[in-house]
Every structure is written in structure tokens, then in C-alpha cells.
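A.B. asks: Pasting data-v7.tsv below, which is TSV, C-alpha atoms.
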```
chain	number	residue	atom	x	y	z
A	1	MET	CA	-16.97	-18.07	-3.90
A	2	VAL	CA	-13.68	-19.90	-3.63
A	3	VAL	CA	-12.84	-22.82	-5.90
A	4	ILE	CA	-9.57	-24.64	-5.28
A	5	ASP	CA	-8.36	-28.20	-4.89
A	6	ASP	CA	-6.52	-29.37	-1.84
A	7	VAL	CA	-3.44	-29.59	-3.99
A	8	ILE	CA	-1.79	-26.26	-4.67
A	9	VAL	CA	-1.17	-25.91	-8.36
A	10	PHE	CA	2.37	-25.42	-9.51
A	11	ALA	CA	1.83	-21.83	-10.63
A	12	ILE	CA	0.58	-20.81	-7.21
A	13	ALA	CA	3.46	-22.52	-5.43
A	14	ALA	CA	5.92	-20.84	-7.79
A	15	GLY	CA	4.27	-17.45	-7.36
A	16	LEU	CA	4.38	-17.76	-3.60
A	17	ALA	CA	8.01	-18.87	-3.59
A	18	ALA	CA	8.95	-15.94	-5.83
A	19	LEU	CA	7.09	-13.46	-3.65
A	20	LEU	CA	8.69	-14.65	-0.42
A	21	ALA	CA	12.16	-14.99	-1.93
A	22	LYS	CA	12.17	-11.26	-2.67
A	23	ILE	CA	11.53	-10.20	0.90
A	24	GLU	CA	12.61	-12.97	3.28
A	25	ASN	CA	16.05	-11.48	3.89
A	26	LEU	CA	14.45	-8.13	4.70
A	27	ILE	CA	11.89	-9.70	7.04
A	28	ARG	CA	14.85	-11.09	9.00
A	29	SER	CA	17.34	-8.23	8.83
A	30	TRP	CA	14.78	-5.45	9.36
A	31	HIS	CA	13.26	-7.28	12.36
A	32	TYR	CA	9.70	-7.50	11.03
A	33	ARG	CA	8.42	-9.01	14.30
A	34	SER	CA	9.10	-5.81	16.26
A	35	MET	CA	7.99	-3.46	13.48
A	36	LYS	CA	5.10	-1.05	14.02
A	37	LEU	CA	3.70	1.71	11.88
A	38	PRO	CA	5.80	4.73	12.97
A	39	LYS	CA	3.88	7.46	14.80
A	40	ASP	CA	4.61	10.14	12.22
A	41	ALA	CA	3.00	7.96	9.53
A	42	LYS	CA	-0.19	7.58	11.54
A	43	GLU	CA	-3.49	9.41	11.31
A	44	GLU	CA	-5.61	10.26	14.35
A	45	LEU	CA	-8.37	7.66	14.86
A	46	SER	CA	-11.75	8.69	16.31
A	47	GLU	CA	-13.58	7.07	19.20
A	48	LYS	CA	-15.86	5.34	16.67
A	49	ASP	CA	-12.80	4.06	14.80
A	50	TRP	CA	-11.43	2.55	18.01
A	51	GLU	CA	-14.80	0.87	18.65
A	52	GLU	CA	-14.57	-0.67	15.18
A	53	VAL	CA	-10.97	-1.71	15.82
A	54	ALA	CA	-12.17	-3.55	18.94
A	55	ALA	CA	-15.08	-5.13	17.03
A	56	THR	CA	-12.69	-6.27	14.29
A	57	ARG	CA	-10.41	-7.82	16.90
A	58	GLU	CA	-13.41	-9.64	18.38
A	59	LEU	CA	-14.40	-10.99	14.97
A	60	ILE	CA	-10.86	-12.26	14.38
A	61	THR	CA	-10.91	-13.97	17.78
A	62	ARG	CA	-14.33	-15.52	17.06
A	63	ILE	CA	-13.21	-17.02	13.76
A	64	PHE	CA	-9.53	-17.77	14.44
A	65	GLY	CA	-9.32	-18.09	18.21
A	66	GLU	CA	-6.94	-16.30	20.57
A	67	ASP	CA	-3.88	-17.08	18.46
A	68	PRO	CA	-4.69	-16.68	14.75
A	69	VAL	CA	-1.14	-17.55	13.66
A	70	GLU	CA	-1.18	-20.93	15.41
A	71	SER	CA	-4.77	-21.59	14.42
A	72	LEU	CA	-4.03	-21.00	10.74
A	73	ARG	CA	-0.76	-22.92	10.96
A	74	GLN	CA	-2.76	-26.01	11.96
A	75	SER	CA	-5.32	-25.53	9.15
A	76	SER	CA	-5.25	-27.05	5.68
A	77	ASN	CA	-5.07	-24.72	2.69
A	78	LYS	CA	-8.78	-25.29	2.03
A	79	GLU	CA	-9.64	-24.40	5.62
A	80	ARG	CA	-7.47	-21.28	5.44
A	81	ILE	CA	-9.28	-20.10	2.34
A	82	ASP	CA	-12.71	-20.84	3.80
A	83	ARG	CA	-11.94	-19.04	7.06
A	84	MET	CA	-10.45	-15.98	5.39
A	85	ASP	CA	-13.46	-15.89	3.05
A	86	GLU	CA	-15.75	-16.00	6.09
A	87	PHE	CA	-13.70	-13.31	7.81
A	88	ALA	CA	-13.67	-10.91	4.85
A	89	ASN	CA	-17.41	-11.27	4.23
A	90	LYS	CA	-18.35	-10.95	7.91
A	91	LEU	CA	-16.08	-7.95	8.29
A	92	ALA	CA	-17.77	-6.20	5.35
A	93	GLN	CA	-21.13	-6.88	7.07
A	94	LEU	CA	-19.81	-5.66	10.40
A	95	TYR	CA	-18.66	-2.41	8.79
A	96	GLY	CA	-22.09	-1.92	7.20
A	97	LEU	CA	-20.82	-2.24	3.64
A	98	ASP	CA	-22.95	-3.27	0.69
A	99	ILE	CA	-20.12	-4.37	-1.57
A	100	GLN	CA	-19.03	-7.55	-3.30
A	101	VAL	CA	-16.19	-9.37	-1.52
A	102	ASP	CA	-14.14	-12.06	-3.26
A	103	VAL	CA	-11.36	-14.11	-1.69
A	104	THR	CA	-9.14	-15.86	-4.21
A	105	VAL	CA	-5.76	-17.52	-4.52
A	106	ASP	CA	-3.77	-16.32	-7.49
A	107	ALA	CA	-0.12	-16.50	-8.49
A	108	VAL	CA	0.02	-12.74	-9.06
A	109	GLU	CA	1.75	-10.64	-6.42
A	110	LYS	CA	-1.08	-8.17	-5.82
A	111	CYS	CA	-2.73	-9.27	-2.60
A	112	GLY	CA	-5.73	-6.99	-2.43
A	113	ALA	CA	-7.74	-4.37	-4.24
A	114	TYR	CA	-10.81	-2.25	-3.71
A	115	ASN	CA	-12.49	-1.18	-6.90
A	116	TRP	CA	-14.26	2.13	-6.20
A	117	SER	CA	-16.26	2.12	-9.42
A	118	GLU	CA	-17.54	-1.46	-9.07
A	119	ARG	CA	-17.78	-1.38	-5.25
A	120	LYS	CA	-15.91	-4.64	-5.07
A	121	ALA	CA	-13.06	-5.87	-2.85
A	122	VAL	CA	-10.84	-8.71	-4.02
A	123	PHE	CA	-8.34	-10.44	-1.76
A	124	ASN	CA	-5.63	-12.75	-3.01
A	125	ILE	CA	-4.53	-14.83	-0.03
A	126	LEU	CA	-1.60	-16.41	-1.85
A	127	LEU	CA	0.57	-15.78	1.22
A	128	LEU	CA	-1.57	-18.17	3.28
A	129	MET	CA	-0.72	-21.07	0.99
A	130	VAL	CA	2.69	-21.16	2.63
A	131	ASP	CA	3.74	-24.18	4.65
A	132	GLY	CA	2.89	-23.81	8.34
A	133	GLN	CA	6.52	-24.52	9.21
A	134	ASN	CA	7.85	-21.68	7.06
A	135	GLU	CA	9.89	-19.30	9.21
A	136	ASN	CA	7.85	-16.37	7.87
A	137	PHE	CA	4.43	-17.90	8.45
A	138	ASP	CA	3.51	-15.20	10.99
A	139	TYR	CA	4.38	-12.50	8.43
A	140	CYS	CA	2.06	-14.20	5.92
A	141	VAL	CA	-0.81	-14.30	8.42
A	142	TRP	CA	-0.52	-10.71	9.67
A	143	GLU	CA	-0.08	-9.27	6.19
A	144	SER	CA	-3.14	-11.16	4.96
A	145	PHE	CA	-5.26	-9.73	7.79
A	146	ASP	CA	-3.77	-6.28	7.30
A	147	THR	CA	-4.63	-6.30	3.59
A	148	ILE	CA	-8.27	-7.27	4.19
A	149	VAL	CA	-8.79	-4.62	6.87
A	150	HIS	CA	-6.96	-1.99	4.78
A	151	GLU	CA	-9.01	-2.56	1.64
A	152	LEU	CA	-12.32	-2.67	3.51
A	153	ARG	CA	-11.36	0.62	5.16
A	154	HIS	CA	-11.24	2.07	1.63
A	155	ALA	CA	-14.80	0.82	1.15
A	156	VAL	CA	-15.76	2.55	4.42
A	157	GLN	CA	-14.16	5.79	3.19
A	158	HIS	CA	-16.03	5.45	-0.08
A	159	LYS	CA	-19.40	4.91	1.61
A	160	SER	CA	-18.77	7.79	4.01
A	161	ILE	CA	-18.32	10.16	1.08
A	162	SER	CA	-21.60	8.97	-0.45
A	163	GLU	CA	-23.51	8.87	2.84
A	164	PRO	CA	-22.84	11.76	5.22
A	165	GLY	CA	-23.01	10.53	8.81
A	166	PHE	CA	-21.75	7.02	8.04
A	167	TRP	CA	-19.33	6.12	10.88
A	168	GLY	CA	-19.53	9.78	11.94
A	169	PHE	CA	-16.60	11.01	9.87
A	170	THR	CA	-16.16	14.77	9.84
A	171	GLN	CA	-16.90	16.85	6.75
A	172	GLN	CA	-13.19	17.74	6.67
A	173	GLN	CA	-12.19	14.06	6.49
A	174	ARG	CA	-14.77	13.26	3.82
A	175	GLN	CA	-13.66	16.22	1.74
A	176	ALA	CA	-9.99	15.29	2.08
A	177	TRP	CA	-10.74	11.74	0.91
A	178	ALA	CA	-12.87	12.96	-2.00
A	179	ASP	CA	-10.15	15.41	-3.06
A	180	ASN	CA	-7.59	12.63	-2.79
A	181	MET	CA	-9.57	10.34	-5.08
A	182	SER	CA	-9.38	12.92	-7.84
A	183	ASN	CA	-5.61	13.25	-7.33
A	184	TYR	CA	-4.71	9.69	-6.38
A	185	ILE	CA	-1.00	8.79	-6.39
A	186	SER	CA	-0.27	5.18	-7.27
A	187	SER	CA	2.38	3.18	-5.41
A	188	ALA	CA	3.73	2.28	-8.85
A	189	THR	CA	4.72	5.89	-9.55
A	190	ASP	CA	5.79	7.23	-6.14
A	191	MET	CA	5.76	4.85	-3.19
A	192	LYS	CA	6.55	7.52	-0.60
A	193	ALA	CA	3.84	9.95	-1.71
A	194	TYR	CA	1.40	7.04	-2.06
A	195	THR	CA	1.67	6.24	1.66
A	196	ARG	CA	1.22	9.90	2.64
A	197	GLN	CA	-2.01	10.70	0.83
A	198	PRO	CA	-5.12	10.92	3.04
A	199	ILE	CA	-7.00	7.77	1.98
A	200	GLU	CA	-3.92	5.55	2.21
A	201	ARG	CA	-2.56	7.07	5.41
A	202	ASP	CA	-5.95	6.50	7.05
A	203	ALA	CA	-6.26	2.92	5.77
A	204	PHE	CA	-2.72	2.02	6.86
A	205	THR	CA	-3.37	3.52	10.30
A	206	PHE	CA	-6.68	1.69	10.80
A	207	ALA	CA	-5.29	-1.68	9.68
A	208	ALA	CA	-2.17	-1.27	11.82
A	209	ALA	CA	-4.36	-0.47	14.85
A	210	VAL	CA	-6.32	-3.70	14.34
A	211	ILE	CA	-3.20	-5.84	13.95
A	212	GLU	CA	-1.54	-4.27	17.02
A	213	GLU	CA	-4.68	-4.90	19.09
A	214	VAL	CA	-4.91	-8.54	18.00
A	215	LYS	CA	-1.21	-9.10	18.74
A	216	LYS	CA	-1.66	-7.65	22.25
A	217	LYS	CA	-3.96	-10.49	23.31
B	1	MET	CA	26.33	16.46	-14.60
B	2	LYS	CA	22.77	17.74	-14.81
B	3	VAL	CA	19.51	17.34	-16.67
B	4	THR	CA	17.06	20.07	-17.55
B	5	PHE	CA	13.37	19.84	-16.77
B	6	SER	CA	12.59	19.28	-20.45
B	7	GLU	CA	15.05	16.36	-20.65
B	8	TYR	CA	13.62	14.93	-17.44
B	9	LYS	CA	10.07	15.41	-18.73
B	10	GLU	CA	10.83	13.62	-21.97
B	11	TYR	CA	12.17	10.64	-20.02
B	12	MET	CA	9.20	10.57	-17.65
B	13	GLN	CA	6.66	10.79	-20.47
B	14	GLY	CA	8.43	7.87	-22.12
B	15	ASP	CA	8.09	5.89	-18.90
B	16	GLY	CA	4.35	6.50	-18.76
B	17	TYR	CA	4.09	9.24	-16.11
B	18	ALA	CA	1.16	11.66	-16.20
B	19	GLU	CA	1.79	15.40	-16.54
B	20	ARG	CA	0.91	16.28	-12.94
B	21	GLU	CA	3.11	13.43	-11.62
B	22	ILE	CA	6.05	14.66	-13.70
B	23	THR	CA	5.96	18.12	-12.13
B	24	ARG	CA	5.33	16.88	-8.60
B	25	ILE	CA	8.16	14.34	-8.71
B	26	PHE	CA	10.57	16.92	-10.21
B	27	ARG	CA	9.92	19.16	-7.21
B	28	ALA	CA	10.41	16.20	-4.87
B	29	PHE	CA	13.84	15.51	-6.38
B	30	LYS	CA	14.77	19.21	-6.18
B	31	ALA	CA	14.25	18.93	-2.41
B	32	MET	CA	16.49	15.83	-2.06
B	33	ASP	CA	20.21	15.82	-1.27
B	34	GLY	CA	22.90	15.77	-3.96
B	35	GLN	CA	23.41	12.01	-3.80
B	36	SER	CA	19.74	11.24	-4.42
B	37	ARG	CA	19.49	13.80	-7.23
B	38	SER	CA	22.58	12.31	-8.85
B	39	TRP	CA	20.93	8.87	-8.98
B	40	LEU	CA	18.18	10.29	-11.19
B	41	VAL	CA	20.55	12.41	-13.28
B	42	TRP	CA	22.91	9.51	-14.04
B	43	TRP	CA	19.97	7.30	-14.91
B	44	ILE	CA	18.46	9.78	-17.35
B	45	VAL	CA	21.81	10.71	-18.93
B	46	ALA	CA	23.57	7.35	-19.02
B	47	ARG	CA	21.05	4.71	-17.80
B	48	ARG	CA	23.52	4.00	-15.02
B	49	LEU	CA	22.24	2.58	-11.74
B	50	PRO	CA	23.93	3.59	-8.50
B	51	LYS	CA	25.86	1.00	-6.52
B	52	ASP	CA	24.91	2.70	-3.22
B	53	GLU	CA	23.32	0.46	-0.63
B	54	ILE	CA	20.86	1.98	1.83
B	55	GLU	CA	19.58	-0.16	4.72
B	56	GLY	CA	20.94	-3.20	2.89
B	57	ILE	CA	19.19	-2.68	-0.43
B	58	THR	CA	20.06	-1.17	-3.77
B	59	ALA	CA	18.15	0.52	-6.57
B	60	ARG	CA	18.86	-2.53	-8.72
B	61	TYR	CA	17.09	-4.76	-6.19
B	62	LEU	CA	14.05	-2.46	-6.14
B	63	ILE	CA	13.87	-2.36	-9.93
B	64	GLU	CA	14.76	-5.92	-10.86
B	65	GLU	CA	13.40	-7.88	-7.90
B	66	ARG	CA	10.53	-5.74	-6.70
B	67	GLY	CA	9.41	-4.33	-10.03
B	68	PHE	CA	9.57	-0.61	-9.20
B	69	LYS	CA	10.16	1.90	-11.97
B	70	PRO	CA	13.67	3.44	-11.73
B	71	VAL	CA	12.43	6.87	-10.59
B	72	ASN	CA	10.27	5.27	-7.91
B	73	ALA	CA	13.26	3.18	-6.81
B	74	PHE	CA	15.38	6.34	-6.36
B	75	ILE	CA	12.57	7.96	-4.36
B	76	ILE	CA	12.46	4.87	-2.11
B	77	MET	CA	16.26	4.87	-1.69
B	78	ASP	CA	16.11	8.52	-0.64
B	79	TRP	CA	13.22	7.69	1.73
B	80	LEU	CA	15.31	4.92	3.31
B	81	LYS	CA	17.95	7.56	4.08
B	82	SER	CA	15.57	10.18	5.49
B	83	GLU	CA	12.95	8.02	7.25
B	84	PRO	CA	14.36	4.50	7.46
B	85	GLU	CA	11.81	3.01	9.87
B	86	THR	CA	8.85	4.29	7.90
B	87	ALA	CA	10.26	3.28	4.52
B	88	LYS	CA	11.14	-0.21	5.76
B	89	TYR	CA	7.66	-0.69	7.23
B	90	PHE	CA	6.02	0.09	3.90
B	91	LEU	CA	8.52	-1.90	1.83
B	92	LEU	CA	7.44	-5.02	3.71
B	93	LYS	CA	3.77	-4.44	2.97
B	94	THR	CA	2.23	-6.66	0.33
B	95	GLU	CA	1.30	-5.06	-2.95
B	96	THR	CA	-2.29	-3.87	-3.33
B	97	ASP	CA	-4.17	-2.04	-6.02
B	98	ALA	CA	-6.56	0.90	-5.84
B	99	ASN	CA	-8.91	0.93	-8.79
B	100	ILE	CA	-10.66	4.23	-8.42
B	101	GLY	CA	-11.76	4.71	-12.01
B	102	GLU	CA	-13.42	7.60	-13.79
B	103	LYS	CA	-16.91	6.42	-12.86
B	104	ALA	CA	-16.24	6.71	-9.12
B	105	VAL	CA	-14.50	10.08	-9.54
B	106	ARG	CA	-17.47	11.48	-11.53
B	107	GLU	CA	-19.90	10.22	-8.87
B	108	LEU	CA	-17.84	11.87	-6.17
B	109	GLU	CA	-17.63	15.16	-7.99
B	110	LYS	CA	-21.43	15.26	-7.96
B	111	LEU	CA	-21.52	14.45	-4.25
B	112	MET	CA	-18.66	16.71	-3.17
B	113	PRO	CA	-18.65	19.62	-5.62
B	114	ALA	CA	-15.78	21.37	-3.93
B	115	VAL	CA	-13.33	18.65	-4.95
B	116	GLN	CA	-9.94	20.23	-5.51
B	117	THR	CA	-7.45	19.14	-8.11
B	118	GLN	CA	-3.70	19.36	-7.69
B	119	SER	CA	-3.23	21.67	-10.66
B	120	ALA	CA	-4.93	24.75	-9.29
B	121	PRO	CA	-5.72	27.42	-11.89
B	122	GLY	CA	-2.83	29.78	-12.36
B	123	SER	CA	-0.22	27.44	-10.86
B	124	SER	CA	2.82	27.00	-13.07
B	125	GLY	CA	5.26	24.13	-13.46
B	126	PRO	CA	9.05	24.30	-13.61
B	127	GLU	CA	10.72	26.18	-16.48
B	128	ALA	CA	12.03	24.00	-19.32
B	129	ASP	CA	15.67	24.85	-18.54
B	130	GLU	CA	15.36	24.42	-14.77
B	131	SER	CA	17.78	21.66	-13.89
B	132	LEU	CA	18.51	18.81	-11.50
B	133	GLY	CA	22.07	17.93	-10.56
B	134	ASP	CA	25.25	19.95	-10.21
B	135	SER	CA	24.92	23.60	-11.12
```
So that I can check it, write out the structure of this file as C-alpha cells.
C.D. replies:
Amino acid sequence: MVVIDDVIVFAIAAGLAALLAKIENLIRSWHYRSMKLPKDAKEELSEKDWEEVAATRELITRIFGEDPVESLRQSSNKERIDRMDEFANKLAQLYGLDIQVDVTVDAVEKCGAYNWSERKAVFNILLLMVDGQNENFDYCVWESFDTIVHELRHAVQHKSISEPGFWGFTQQQRQAWADNMSNYISSATDMKAYTRQPIERDAFTFAAAVIEEVKKK
Amino acid sequence: MKVTFSEYKEYMQGDGYAEREITRIFRAFKAMDGQSRSWLVWWIVARRLPKDEIEGITARYLIEERGFKPVNAFIIMDWLKSEPETAKYFLLKTETDANIGEKAVRELEKLMPAVQTQSAPGSSGPEADESLGDS
């Protein structure tokens, strides 16, 4: 459930400003708009994965229309929260997940988390509280979608380990993910190794595939 | 200028790194070029940050603005040299959190009994006097 007034509280506005201030120069100078996940950082996706990528794209189109960036730009903050809440919950259903999904707005800089022990995904859509005229509004939209898809992919990985046959993952994949969970490398200790471990590499690949498909339309 | 593994380990333990991370990251630095190794050595010996700028950013930016630990910042700087497009892509990702937790790990170990850990029996870490930096 989401509880927020139409007015963005000062702490949230300050948190958002601080977050964007740290990266806005890089978004510009590193040409974010033409960035894609490099091939050598990608995992191979299965036919089933690609079907789910297409289904995710369809869900995004159903809720946000053909141009999610413009659609969200025209929405109030309350509408943005409601629609992202609807998206995250419907996506969890679409993926066949029996987990708790919470969409919040918080001044902290962590934008998403999947808790494996509690089977709970939490999304902080602070980035979507940005003014529609902000030059990095598209970044805020795509990163918010990316985070939701990425974290729910972790929930899919988790369920696939518990339920052989779920999404048709191979035994090799399930074993690699299970091994990885016991040896998980946090982004706070080694960012490079964090992105290369099996469960993260897979989640980054799947989310990037969804975003690239939606942008193609 | 150099630091031994035991000096490095003492620093890393003080910064909250787990044993298996300490050994893995030491090996990662051993495989880096002299410039990247020197960033870590100077930090441990003199708490001096490099002025080098890679792809427009510095270690100071990563530590002070983005909140990375110094060792992680040096790893990222080295990554920006070796795989700039990949490193830049991930540096523009928003921060997320994976809460795996002991409960989930225990459940998984029951489900997938062949779970392997990084510290395989019989594997040994670096010697205490093995060093990073100039020989």
C-alpha cells in the first residue's frame, strides 16, 4: 500500500536532488541515452525468458501506453506511484510469484531490494518524484522500470531453486544461482565482482532486455 | 612502496571486510596494473587518494559523493580503465540491495545439497609476507 500526499515532503525532494546531483554530469557526458548493457556483460536468455520479456513489454504498454516516458511525464506524483504500484504487483503475478511487493517513496538512495528470506520485494520510486521537465526524466523512468524487473527476476531465480521446472531453468542454472547465494558478493564491497556473479548477471541481462524491447516500440 | 598481505588484511578487517572477501580482493589487485595497485598501496600506507582521473571521475568522487569504500573505489577506477563501457553502464545504475539472509541460505542448502562455497577444502590464501606494490 502506498501512502503519500500530493505534496512531496522536503526530505524526499532533498534526497532526490542529492541523488541526481551526483550523477547528472555522468548521464550527460557518458551519453546515457545511447547506452546498452555491453554484450560481454550479458547472459544467454532462453526462449522462455524472451517470451517473458515480451509479456513484460506488453504489460508496460497496457499500463503506461506506447510511450511510458511521456505518459509518466504527464502524470502527477500520486498517479506515478499508483501506476508503478500496479505495474510491480501485476508483474509479480505475471511471473507467477507468491511474494509481497511494496512500492514506496523514501529519501534513501537504495531504489530496490528483494529479501530472499522474507520473500518480499520493495521498490523505492524516489526517482519518479522528479519534475517532468527535468532533463534526466527519461533516465528516472527507465531506471525505475529496470529496478522493478531486476528485483523481480531475483524472485524468479529464488522460486526456480525451490521449485524445479519453474520457468524451465536448467539444473545447471539453478545450481549456479544456489551456489552464488551462499557466496554472494555485495556491490558495497566489490562493484565489479558484484555485477559478474551469476544471479546479478542474469538479472541485469533480463532487465536490460525488457528495457531495450520497450524502447524499440 | 609496498604492503604485505598481513598489512593489507589488517586494513581490510578494520574496514569490515569478511575473510573470504579479503583474499579474493587481494588476488584481484595482484592481477591489476602497477598504477591500480599503487592506489591501494598509497591508501593503506599513507591514506593518500590518487589524483588520477579515469573517464572523467576520480576515486575521491566515488568515495565522497557515491559512498563507495576506498578499496571498492580503486576497483571501479581500474574497471573504468579495462572495460570502460561496462563500468560506466553499471555506475549509472541505481543502488539496490540484496538481502539474502541466513534463513534463505539454509533453506537452499536443504534444497540443493551440492552447494559449493568459495573456500574449497584444502585451498590456501596468500602468505602473510606476499606483497602488493613495487618489488
A.B. asks: Using all atoms listed in the file and a cutoff of 12 Å, can you tell me which residues are near (19.6, 1.5, 0.2) in the file's coordinates, and write them out as a PyMOL selection string?
C.D. replies: (chain A and resi 26) or (chain B and resi 35-36+39+50-62+73-84+87-88+91)
A.B. asks: Near chain B, meaning an atom within 8 Å, which residues of chain A appear when counting all atoms listed in the file? Write them as a JSON list (two decimals) with C-alpha atoms, in the coordinates of the input.
C.D. replies:
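Writing the result to part-v2.json gives the following:
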```json
[["chain", "number", "residue", "atom", "x", "y", "z"],
["A", 22, "LYS", "CA", 12.17, -11.26, -2.67],
["A", 23, "ILE", "CA", 11.53, -10.20, 0.90],
["A", 26, "LEU", "CA", 14.45, -8.13, 4.70],
["A", 27, "ILE", "CA", 11.89, -9.70, 7.04],
["A", 30, "TRP", "CA", 14.78, -5.45, 9.36],
["A", 35, "MET", "CA", 7.99, -3.46, 13.48],
["A", 36, "LYS", "CA", 5.10, -1.05, 14.02],
["A", 37, "LEU", "CA", 3.70, 1.71, 11.88],
["A", 38, "PRO", "CA", 5.80, 4.73, 12.97],
["A", 41, "ALA", "CA", 3.00, 7.96, 9.53],
["A", 109, "GLU", "CA", 1.75, -10.64, -6.42],
["A", 110, "LYS", "CA", -1.08, -8.17, -5.82],
["A", 111, "CYS", "CA", -2.73, -9.27, -2.60],
["A", 112, "GLY", "CA", -5.73, -6.99, -2.43],
["A", 113, "ALA", "CA", -7.74, -4.37, -4.24],
["A", 114, "TYR", "CA", -10.81, -2.25, -3.71],
["A", 115, "ASN", "CA", -12.49, -1.18, -6.90],
["A", 116, "TRP", "CA", -14.26, 2.13, -6.20],
["A", 117, "SER", "CA", -16.26, 2.12, -9.42],
["A", 143, "GLU", "CA", -0.08, -9.27, 6.19],
["A", 147, "THR", "CA", -4.63, -6.30, 3.59],
["A", 161, "ILE", "CA", -18.32, 10.16, 1.08],
["A", 162, "SER", "CA", -21.60, 8.97, -0.45],
["A", 175, "GLN", "CA", -13.66, 16.22, 1.74],
["A", 178, "ALA", "CA", -12.87, 12.96, -2.00],
["A", 179, "ASP", "CA", -10.15, 15.41, -3.06],
["A", 181, "MET", "CA", -9.57, 10.34, -5.08],
["A", 182, "SER", "CA", -9.38, 12.92, -7.84],
["A", 183, "ASN", "CA", -5.61, 13.25, -7.33],
["A", 186, "SER", "CA", -0.27, 5.18, -7.27],
["A", 188, "ALA", "CA", 3.73, 2.28, -8.85],
["A", 189, "THR", "CA", 4.72, 5.89, -9.55],
["A", 190, "ASP", "CA", 5.79, 7.23, -6.14],
["A", 191, "MET", "CA", 5.76, 4.85, -3.19],
["A", 192, "LYS", "CA", 6.55, 7.52, -0.60],
["A", 195, "THR", "CA", 1.67, 6.24, 1.66]]
```
A.B. asks: For Leu132 (chain B), find every residue with an atom within 10 Å (counting only C-alpha atoms), except residues of its own chain fewer than 4 positions away, and show them as a ChimeraX atom specification.
C.D. replies: /B:1-5,8,26-27,29-30,34,37-38,40-41
A.B. asks: Residues within 12 Å of (-2.4, 8.3, 4.8), file coordinates, counting only C-alpha atoms: what are they? Give the list as an MDAnalysis selection string.
C.D. replies: (chainID A and resid 37 39:45 150 153:154 173 176:177 180 184:185 191:208) or (chainID B and resid 90)
A.B. asks: Which value, in Å to one decimal, gives the distance between CA of Glu163 (chain A) and CA of Tyr95 (chain A)?
C.D. replies: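 These atoms are spaced 13.6 Å apart.
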